[in-house]
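Q: Sharing coords.cif here; it has mmCIF, C-alpha atoms and all ligand atoms.
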```cif
data_entry
loop_
_atom_site.label_atom_id
_atom_site.label_comp_id
_atom_site.auth_asym_id
_atom_site.auth_seq_id
_atom_site.Cartn_x
_atom_site.Cartn_y
_atom_site.Cartn_z
CA MET A 246 151.64 157.31 176.11
CA ALA A 247 148.46 159.06 177.36
CA ALA A 248 147.64 162.41 175.76
CA LEU A 249 148.40 165.51 177.82
CA TRP A 250 145.58 167.70 179.20
CA HIS A 251 145.90 171.44 179.58
CA ILE A 252 143.53 173.08 182.07
CA LEU A 253 142.83 176.72 181.25
CA GLY A 254 141.32 178.38 184.33
CA ALA A 255 142.65 176.89 187.54
CA GLY A 256 139.65 178.05 189.59
CA SER A 257 137.02 175.89 191.29
CA LEU A 258 135.95 173.50 188.54
CA GLY A 259 139.26 173.61 186.67
CA SER A 260 141.15 172.60 189.82
CA LEU A 261 138.58 169.88 190.57
CA TRP A 262 139.08 168.36 187.13
CA ALA A 263 142.86 168.81 187.15
CA ALA A 264 143.26 167.15 190.56
CA ARG A 265 141.09 164.14 189.68
CA LEU A 266 142.78 163.62 186.30
CA ALA A 267 146.28 163.98 187.77
CA ARG A 268 145.73 161.65 190.71
CA ALA A 269 144.51 158.98 188.23
CA GLY A 270 147.87 159.24 186.46
CA VAL A 271 146.66 161.29 183.47
CA PRO A 272 149.30 163.88 182.46
CA VAL A 273 148.01 167.39 183.24
CA ARG A 274 149.29 170.97 183.01
CA LEU A 275 147.67 173.99 184.60
CA VAL A 276 147.73 177.03 182.34
CA LEU A 277 148.04 180.11 184.54
CA ARG A 278 147.47 183.73 183.57
CA ASN A 279 150.98 185.08 184.04
CA LYS A 280 154.40 184.73 185.67
CA ALA A 281 153.14 186.10 189.00
CA ARG A 282 150.46 183.38 189.24
CA LEU A 283 152.99 180.73 188.25
CA GLU A 284 155.40 181.93 190.94
CA ALA A 285 152.60 181.91 193.52
CA TYR A 286 151.72 178.34 192.53
CA GLN A 287 155.34 177.24 192.75
CA ALA A 288 155.66 178.94 196.15
CA ASN A 289 152.74 176.74 197.20
CA GLY A 290 154.87 173.69 196.36
CA GLY A 291 153.48 173.20 192.83
CA CYS A 292 150.43 171.41 194.13
CA LEU A 293 146.68 171.77 194.41
CA THR A 294 144.82 170.52 197.45
CA LEU A 295 141.57 168.70 196.79
CA VAL A 296 139.20 168.47 199.76
CA GLU A 297 136.72 165.64 199.31
CA ASN A 298 134.41 164.31 202.03
CA GLY A 299 136.38 166.38 204.55
CA VAL A 300 139.72 164.79 203.56
CA ALA A 301 142.41 167.06 202.08
CA GLN A 302 144.72 165.51 199.50
CA PRO A 303 147.67 167.31 197.87
CA VAL A 304 148.01 166.65 194.15
CA PHE A 305 151.23 167.69 192.40
CA ILE A 306 150.59 169.11 188.92
CA GLN A 307 152.97 170.92 186.59
CA ALA A 308 151.98 174.43 185.61
CA GLN A 309 152.90 176.93 182.91
CA THR A 310 151.79 180.34 181.66
CA LEU A 311 149.58 181.12 178.66
CA ASP A 312 152.64 181.93 176.56
CA SER A 313 154.39 178.58 177.01
CA ASN A 314 155.05 176.99 173.63
CA GLU A 315 153.99 173.47 174.59
CA PRO A 316 151.48 172.17 172.00
CA ILE A 317 147.95 171.56 173.28
CA GLU A 318 146.09 168.36 172.37
CA ARG A 319 143.38 168.27 175.03
CA LEU A 320 142.16 171.54 176.46
CA LEU A 321 139.64 172.02 179.25
CA VAL A 322 138.42 175.62 179.33
CA ALA A 323 137.24 176.20 182.89
CA CYS A 324 137.10 180.00 182.97
CA LYS A 325 133.92 181.94 183.62
CA ALA A 326 131.76 182.48 180.51
CA TYR A 327 132.86 186.13 180.22
CA ASP A 328 136.58 185.19 180.19
CA ALA A 329 136.48 182.10 177.95
CA GLU A 330 136.83 183.69 174.52
CA GLN A 331 139.80 185.86 175.42
CA ALA A 332 141.51 183.05 177.33
CA VAL A 333 141.20 180.66 174.39
CA ALA A 334 142.44 183.32 171.98
CA GLN A 335 145.59 183.52 174.11
CA VAL A 336 146.41 179.83 173.53
CA ALA A 337 144.89 179.39 170.04
CA ALA A 338 148.29 179.31 168.34
CA ARG A 339 149.33 176.38 170.54
CA LEU A 340 146.43 174.11 169.54
CA HIS A 341 147.41 170.92 167.71
CA PRO A 342 145.47 170.49 164.41
CA ASP A 343 143.61 167.50 165.95
CA ALA A 344 143.10 169.07 169.36
CA ASP A 345 139.94 168.49 171.39
CA VAL A 346 138.57 171.39 173.43
CA ILE A 347 135.98 171.05 176.20
CA LEU A 348 134.02 174.18 177.13
CA LEU A 349 132.75 173.93 180.68
CA GLN A 350 130.92 177.28 180.86
CA ASN A 351 127.45 177.73 182.29
CA GLY A 352 124.81 179.43 180.14
CA LEU A 353 124.98 179.98 176.39
CA GLY A 354 126.78 182.34 174.08
CA SER A 355 130.37 181.93 175.21
CA GLN A 356 130.69 178.51 173.56
CA ASP A 357 129.82 179.87 170.11
CA ALA A 358 132.17 182.81 170.61
CA VAL A 359 135.04 180.44 171.46
CA ALA A 360 134.23 178.05 168.61
CA ALA A 361 134.27 180.97 166.14
CA ARG A 362 137.78 181.90 167.35
CA ILE A 363 139.12 178.40 166.62
CA PRO A 364 136.98 177.24 163.65
CA HIS A 365 139.26 174.33 162.72
CA THR A 366 139.32 172.80 166.20
CA ARG A 367 136.75 170.39 167.61
CA CYS A 368 134.88 172.10 170.46
CA MET A 369 132.77 170.03 172.80
CA PHE A 370 130.28 171.69 175.12
CA ALA A 371 129.72 170.54 178.69
CA SER A 372 127.02 171.09 181.30
CA SER A 373 127.79 170.17 184.86
CA THR A 374 125.83 169.72 188.05
CA GLU A 375 129.00 169.17 190.10
CA GLY A 376 129.77 171.78 192.72
CA ALA A 377 133.16 173.10 193.85
CA PHE A 378 134.52 176.19 195.53
CA ARG A 379 137.92 177.55 196.38
CA GLU A 380 138.57 177.57 200.11
CA SER A 381 141.78 179.50 199.47
CA ASP A 382 144.30 179.84 196.64
CA TRP A 383 145.15 176.41 195.19
CA ARG A 384 142.74 174.63 197.56
CA VAL A 385 139.42 173.41 196.18
CA VAL A 386 136.50 171.78 197.96
CA PHE A 387 134.44 169.21 196.06
CA ALA A 388 131.13 170.41 197.48
CA GLY A 389 128.50 168.63 195.44
CA HIS A 390 128.69 165.37 193.57
CA GLY A 391 126.84 165.54 190.29
CA TYR A 392 127.15 164.77 186.64
CA THR A 393 128.77 166.33 183.62
CA TRP A 394 127.12 165.93 180.23
CA LEU A 395 129.33 166.44 177.20
CA GLY A 396 128.44 166.66 173.55
CA ASP A 397 129.28 168.08 170.17
CA ALA A 398 126.27 169.32 168.20
CA ARG A 399 128.25 169.06 164.95
CA GLU A 400 129.84 165.61 165.44
CA PRO A 401 128.10 162.92 167.50
CA THR A 402 131.09 160.53 167.63
CA PRO A 403 132.36 160.29 171.23
CA PRO A 404 135.99 161.45 171.58
CA ALA A 405 138.77 159.20 172.90
CA LEU A 406 139.34 161.53 175.86
CA LEU A 407 136.22 160.17 177.59
CA GLN A 408 138.37 157.22 178.68
CA ASP A 409 140.47 159.61 180.81
CA LEU A 410 137.31 160.92 182.49
CA HIS A 411 136.21 157.37 183.17
CA ASP A 412 139.64 156.43 184.60
CA SER A 413 139.57 159.55 186.80
CA GLY A 414 136.13 158.85 188.25
CA ILE A 415 134.64 162.01 186.74
CA ALA A 416 130.94 161.15 186.49
CA HIS A 417 129.96 161.97 182.93
CA GLU A 418 127.81 161.06 179.98
CA TRP A 419 128.23 161.74 176.29
CA THR A 420 125.00 163.10 174.82
CA PRO A 421 123.87 163.95 171.31
CA ASP A 422 121.59 166.59 172.88
CA ILE A 423 124.04 168.84 174.69
CA LEU A 424 122.21 171.97 173.48
CA THR A 425 118.99 170.68 175.06
CA ARG A 426 120.90 170.25 178.36
CA LEU A 427 122.43 173.73 178.17
CA TRP A 428 119.11 175.39 177.28
CA ARG A 429 117.29 173.53 180.05
CA LYS A 430 119.89 174.57 182.64
CA LEU A 431 119.80 178.14 181.32
CA ALA A 432 116.00 178.20 181.73
CA LEU A 433 116.26 176.84 185.29
CA ASN A 434 118.87 179.45 186.12
CA CYS A 435 116.71 182.24 184.61
CA ALA A 436 113.66 181.16 186.62
CA ILE A 437 115.51 180.84 189.92
CA ASN A 438 118.76 182.77 190.21
CA PRO A 439 117.72 186.40 189.50
CA LEU A 440 114.73 186.13 191.85
CA THR A 441 116.91 184.83 194.68
CA VAL A 442 119.10 187.92 194.24
CA LEU A 443 116.18 190.35 194.06
CA HIS A 444 114.30 188.78 196.98
CA ASP A 445 117.54 188.25 198.94
CA CYS A 446 116.67 184.63 199.72
CA ARG A 447 117.75 181.01 199.49
CA ASN A 448 116.26 178.96 196.65
CA GLY A 449 113.54 177.75 199.03
CA GLY A 450 112.48 181.35 199.66
CA LEU A 451 110.98 181.33 196.15
CA LEU A 452 108.18 179.08 197.43
CA GLU A 453 106.67 182.36 198.67
CA HIS A 454 106.89 183.82 195.17
CA HIS A 455 105.38 180.97 193.23
CA CYS A 456 103.22 183.20 190.96
CA GLU A 457 106.30 185.13 189.82
CA VAL A 458 108.16 181.87 189.18
CA ALA A 459 105.20 180.40 187.29
CA THR A 460 104.88 183.48 185.06
CA LEU A 461 108.58 183.32 184.15
CA CYS A 462 108.24 179.59 183.37
CA VAL A 463 105.37 180.28 180.93
CA GLU A 464 107.55 182.78 179.04
CA LEU A 465 110.65 180.58 179.17
CA THR A 466 108.68 177.59 177.87
CA ASP A 467 107.39 179.66 174.95
CA LEU A 468 110.89 180.99 174.28
CA LEU A 469 112.51 177.53 174.28
CA GLU A 470 109.91 176.26 171.82
CA ARG A 471 110.42 179.27 169.55
CA CYS A 472 114.18 178.68 169.68
CA GLY A 473 113.71 175.10 168.43
CA GLN A 474 114.25 173.52 171.87
CA PRO A 475 110.96 171.71 172.63
CA ALA A 476 112.67 168.99 174.68
CA ALA A 477 114.24 171.63 176.94
CA ALA A 478 110.81 173.22 177.37
CA ARG A 479 108.97 170.08 178.46
CA ASP A 480 107.43 170.34 181.95
CA LEU A 481 109.78 173.23 182.76
CA HIS A 482 107.65 174.65 185.56
CA THR A 483 107.42 171.24 187.29
CA GLU A 484 111.20 170.86 187.06
CA VAL A 485 111.79 174.38 188.39
CA GLN A 486 109.54 173.64 191.36
CA ARG A 487 111.36 170.35 191.95
CA VAL A 488 114.77 172.09 191.92
CA ILE A 489 113.53 174.82 194.28
CA GLN A 490 112.36 172.15 196.74
CA ALA A 491 115.48 169.98 196.35
CA THR A 492 117.87 172.94 196.80
CA ALA A 493 115.69 174.91 199.23
CA ALA A 494 118.52 175.40 201.75
CA ASN A 495 121.05 176.57 199.13
CA TYR A 496 121.92 179.99 197.84
CA SER A 497 121.96 180.10 194.03
CA SER A 498 125.30 180.63 192.28
CA MET A 499 124.24 184.12 191.19
CA TYR A 500 123.21 184.98 194.75
CA GLN A 501 126.67 183.89 195.94
CA ASP A 502 128.42 185.90 193.22
CA VAL A 503 126.51 189.05 194.18
CA ALA A 504 126.96 188.47 197.91
CA ASN A 505 130.72 188.16 197.36
CA GLY A 506 130.93 191.21 195.10
CA ARG A 507 131.85 189.08 192.07
CA ARG A 508 130.83 189.66 188.48
CA THR A 509 127.87 187.46 187.49
CA GLU A 510 127.37 185.52 184.25
CA ILE A 511 124.09 187.41 183.58
CA SER A 512 124.88 188.05 179.89
CA TYR A 513 125.10 184.31 179.28
CA LEU A 514 121.92 183.48 181.21
CA LEU A 515 119.06 186.00 181.44
CA GLY A 516 120.78 188.34 178.97
CA TYR A 517 121.13 185.52 176.45
CA ALA A 518 117.46 184.54 176.89
CA CYS A 519 116.25 188.13 176.39
CA ALA A 520 118.44 188.57 173.29
CA ALA A 521 117.14 185.27 171.85
CA ALA A 522 113.57 186.46 172.47
CA ILE A 523 114.23 189.61 170.43
CA ARG A 524 115.81 187.55 167.61
CA HIS A 525 112.80 185.22 167.52
CA GLN A 526 110.22 188.00 168.01
CA CYS A 527 108.94 186.22 171.08
CA ALA A 528 107.16 188.41 173.65
CA VAL A 529 108.71 187.91 177.12
CA PRO A 530 107.73 191.05 179.07
CA HIS A 531 108.33 189.55 182.51
CA LEU A 532 111.78 188.21 181.59
CA GLN A 533 112.69 191.61 180.17
CA GLN A 534 111.41 193.35 183.28
CA LEU A 535 113.42 190.89 185.38
CA GLN A 536 116.56 191.79 183.43
CA VAL A 537 115.95 195.50 183.99
CA ARG A 538 115.41 194.92 187.73
CA LEU A 539 118.49 192.68 188.00
CA THR A 540 120.85 194.99 186.11
CA GLY A 541 119.56 197.89 188.23
CA HIS A 542 120.27 195.90 191.36
CA LEU A 543 123.78 194.93 190.19
CA ALA A 544 124.55 198.55 189.28
CA SER A 545 123.36 199.71 192.69
CA LYS A 546 125.94 197.34 194.23
CA GLY A 547 128.69 198.63 191.93
CA LEU A 548 128.78 195.33 190.01
CA ARG A 549 129.13 194.91 186.27
CA THR A 550 125.85 194.49 184.41
CA ASP A 551 127.31 192.69 181.37
P1 LIG B 1 136.34 180.32 188.94
O1 LIG B 1 136.18 181.79 188.92
O2 LIG B 1 136.51 179.62 190.24
O3 LIG B 1 137.56 179.88 188.01
C1 LIG B 1 137.85 180.49 186.78
C2 LIG B 1 139.35 180.62 186.70
O4 LIG B 1 139.69 181.03 185.37
C3 LIG B 1 139.94 181.66 187.65
O5 LIG B 1 140.97 181.05 188.40
C4 LIG B 1 140.49 182.71 186.72
O6 LIG B 1 141.66 183.36 187.22
C5 LIG B 1 140.82 181.86 185.51
N1 LIG B 1 141.01 182.63 184.26
C6 LIG B 1 140.20 183.56 183.72
N2 LIG B 1 140.74 184.05 182.60
C7 LIG B 1 141.93 183.42 182.43
C8 LIG B 1 142.96 183.51 181.45
N3 LIG B 1 142.91 184.36 180.41
N4 LIG B 1 144.04 182.69 181.58
C9 LIG B 1 144.14 181.83 182.62
N5 LIG B 1 143.19 181.71 183.57
C10 LIG B 1 142.11 182.50 183.48
O7 LIG B 1 135.06 179.74 188.15
P2 LIG B 1 134.31 178.33 188.37
O8 LIG B 1 133.41 178.43 189.54
O9 LIG B 1 135.30 177.22 188.30
O10 LIG B 1 133.36 178.33 187.08
C11 LIG B 1 133.82 178.04 185.78
C12 LIG B 1 132.59 177.82 184.90
O11 LIG B 1 131.93 176.63 185.37
C13 LIG B 1 131.53 178.93 185.02
O12 LIG B 1 130.91 179.15 183.78
C14 LIG B 1 130.54 178.39 186.03
O13 LIG B 1 129.22 178.91 185.88
C15 LIG B 1 130.57 176.91 185.69
N6 LIG B 1 130.16 176.04 186.80
C16 LIG B 1 130.77 176.15 188.03
C17 LIG B 1 130.39 175.30 189.06
C18 LIG B 1 131.05 175.37 190.42
O14 LIG B 1 130.59 174.67 191.33
N7 LIG B 1 132.08 176.15 190.62
C19 LIG B 1 129.38 174.34 188.83
C20 LIG B 1 128.79 174.24 187.57
C21 LIG B 1 129.19 175.11 186.55
O1 LIG B 2 122.31 175.80 188.95
C1 LIG B 2 121.83 176.41 189.88
C2 LIG B 2 122.56 177.62 190.33
O2 LIG B 2 122.47 178.00 191.49
O3 LIG B 2 123.27 178.19 189.48
C3 LIG B 2 120.53 175.96 190.47
C4 LIG B 2 120.79 175.21 191.74
C5 LIG B 2 119.81 175.04 189.48
C6 LIG B 2 119.61 177.12 190.74
O4 LIG B 2 119.26 177.76 189.56
#
```
Please re-express this file's structure in structure tokens.

A:
Amino acid sequence: MAALWHILGAGSLGSLWAARLARAGVPVRLVLRNKARLEAYQANGGCLTLVENGVAQPVFIQAQTLDSNEPIERLLVACKAYDAEQAVAQVAARLHPDADVILLQNGLGSQDAVAARIPHTRCMFASSTEGAFRESDWRVVFAGHGYTWLGDAREPTPPALLQDLHDSGIAHEWTPDILTRLWRKLALNCAINPLTVLHDCRNGGLLEHHCEVATLCVELTDLLERCGQPAAARDLHTEVQRVIQATAANYSSMYQDVANGRRTEISYLLGYACAAAIRHQCAVPHLQQLQVRLTGHLASKGLRTD
């Protein structure tokens, strides 16, 4: 009998994972915030719709609330970074002693906070380049094929659950260097996303601000090295330029959050980088100035700055 997956956070990525696992025959439960969300899901027929390559497919998945008493063996945490710790705390008592937890959050900081809440449970970190968005409630569009790297900095043995990802066609790779991946992505996000918000432009618009981007990359490279992440620092500026070119027509995720009046994950990206710089006594004046400008901009829009 295959082990059951619980998906905490039935948003864009959580729904994308849940739908692919369920349609491959893996047993899945959605863990919803409260009775009202569960009723709304049931009123929708108890199914998610996955839109892939323009084709919409309904996928029937059982759901429950946080306070169900069903034990959890495999947990995918697919909340935003700022919600992950509290969400996991709400299901901590349900975790089986040998449970595996995957943390799918962007940035850094939330993973350690979650792991500290459940010190006896194996927590794996993930970094994904897949893209998904919710077209409406319970309907998710698989917008960008990519890859998900998973790893456990404390225990390099791959977990058995990878077989379910393989069977579900979830493109993934187990890596012993997940922290390198997460730091590298954080650095890319710090060099690109805030500037797209402040200059009100697509990623390609940063080609007109290449000096500003280059200056940030010098500081980020120094910071990564000081934080013991030399592999994440290697050729960072070249990679940032490559990503800007390759995604020139796109709006960054932070740009989209701000444009839609949503809270950003700033504390887990630029905020995390600036805090790490203080801890390591690493001078990053332009990153700090960027944080001041960005928080000022968010405040002026009535958005949270944490
Ligand atoms: P989302 O906002 O679409 O989904 C998060 C879901 O978590 C929401 O449905 C929310 O209601 C739910 N949630 C929050 N707290 C909860 C709680 N206590 N109990 C139950 N549910 C709760 O977010 P997303 O876009 O799927 O992003 C999730 C993470 O993945 C983020 O860190 C994001 O940066 C990262 N990521 C997203 C994408 C993408 O394309 N969407 C790509 C790469 C990385
Ligand atoms: O990950 C990104 C994002 O928009 O969050 C990219 C495309 C790398 C830009 O930083």

Q: Within 8 Å of ligand LIG 1 (chain B) (counting all atoms listed in the file), which residues show up? I'd like them as an MDAnalysis selection string.

A: chainID A and resid 253:260 276:279 310:311 323:326 328:329 331:333 335 349:352 372:379 388:389 498 510

Q: Check which residues of chain A sit at most 9 Å from ligand LIG 2 (chain B) using all atoms listed in the file, and return one row each with the closest pair of atoms and their distance in Å to one decimal, ordered by chain and rising number, as CSV.

A:
```
residue,atom,partner,partner_atom,distance
A:Asn351,CA,B:LIG2,O3,8.3
A:Ser373,CA,B:LIG2,O1,8.9
A:Thr374,CA,B:LIG2,O1,7.1
A:Lys430,CA,B:LIG2,C5,6.9
A:Leu431,CA,B:LIG2,O4,8.3
A:Ala432,CA,B:LIG2,O4,8.5
A:Leu433,CA,B:LIG2,O4,5.3
A:Asn434,CA,B:LIG2,O4,3.9
A:Cys435,CA,B:LIG2,O4,7.1
A:Ala436,CA,B:LIG2,O4,7.2
A:Ile437,CA,B:LIG2,O4,4.9
A:Asn438,CA,B:LIG2,O4,5.1
A:Pro439,CA,B:LIG2,O4,8.8
A:Asn448,CA,B:LIG2,C6,7.0
A:Val485,CA,B:LIG2,C5,8.1
A:Val488,CA,B:LIG2,C5,6.3
A:Ile489,CA,B:LIG2,C6,7.4
A:Ala491,CA,B:LIG2,C4,8.8
A:Thr492,CA,B:LIG2,C4,6.3
A:Asn495,CA,B:LIG2,C4,7.5
A:Tyr496,CA,B:LIG2,O2,6.7
A:Ser497,CA,B:LIG2,O2,3.3
A:Ser498,CA,B:LIG2,O2,3.9
A:Met499,CA,B:LIG2,O3,6.2
A:Tyr500,CA,B:LIG2,O2,7.7
A:Gln501,CA,B:LIG2,O2,8.5
```

Q: Interatomic distance between CA of Trp262 (chain A) and CA of Leu514 (chain A)?

A: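 Computed distance, CA of Trp262 (chain A) to CA of Leu514 (chain A), equals 23.6 Å.
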
Q: Quick one, how far is CA of Ala522 (chain A) from CA of Ala477 (chain A)?

A: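 Distance between the two atoms: 15.5 Å.
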
Q: Counting only C-alpha atoms, which of A:Ile415, A:Leu427, A:Ala360, A:Ala337 gets nearest to Arg399 (chain A)?

A: A:Ala360

Q: Which residues are close to Gln408 (chain A), i.e. within 12 Å by all atoms listed in the file, leaving aside same-chain residues fewer than 5 positions away? Reply as a PyMOL selection string.

A: chain A and resi 247-248+266+269+271+403+413-419

Q: Would you work out the distance separating CA of Asp345 (chain A) from CA of Thr366 (chain A), expressed in Å to one decimal?

A: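 Distance reported for this atom pair: 6.8 Å.
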
Q: For the point (135.4, 170.0, 198.2) in the file's frame, write as an NGL selection string all residues with an atom no more than 6 Å away, counting only C-alpha atoms.

A: :A and (296-297 or 377 or 385-388)

Q: Closest to Leu353 (chain A) among A:Gly396, A:Tyr327, A:Ala281, A:Gln287, using all atoms listed in the file?

A: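 Using all atoms listed in the file, Leu353 (chain A) sits closest to A:Tyr327.
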
Q: Just give me the residues with any atom within 6 Å of (141.6, 170.3, 194.5), file coordinates, counting only C-alpha atoms, written as a list in words.

A: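 Neighbouring residues, ordered by chain and number, come to Ser260, Leu261, Ala264, Leu293, Thr294, Leu295, Arg384 and Val385 of chain A.
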
Q: Counting only C-alpha atoms, which of A:Ala476, A:Cys292, A:Ala398, A:Cys462 gets nearest to Thr425 (chain A)?

A: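 Of the candidates, the smallest distance to Thr425 (chain A) is held by A:Ala476.
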
Q: Pick out the residues sitting within 12 Å of Arg538 (chain A), and hand them over as a list in words; count all atoms listed in the file, and ignore anything fewer than 2 positions along from it in its own chain.

A: Pro439, Leu440, Val442, Leu443, His444, Leu515, His531, Leu532, Gln533, Gln534, Leu535, Gln536, Thr540, Gly541, His542, Leu543, Ala544, Ser545 and Thr550 of chain A

Q: Quick one: of A:Val359, A:Arg319, A:Lys546, A:Asp480, who's nearest to Leu407 (chain A), counting all atoms listed in the file?

A: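 Distance minimum relative to Leu407 (chain A) lands on A:Arg319.
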
Q: Which one of A:Asp382, A:Ile252, A:Leu451, A:Ala371 sits closest to Arg282 (chain A) if you count only C-alpha atoms?

A: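 Among the listed residues, the smallest separation from Arg282 (chain A) belongs to A:Asp382.
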
Q: Considering all atoms listed in the file, state which residue in the set A:Pro530, A:Thr441, A:Gln474, A:Arg487 is at the smallest distance from Leu461 (chain A).

A: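 Of the candidates, the smallest distance to Leu461 (chain A) is held by A:Pro530.
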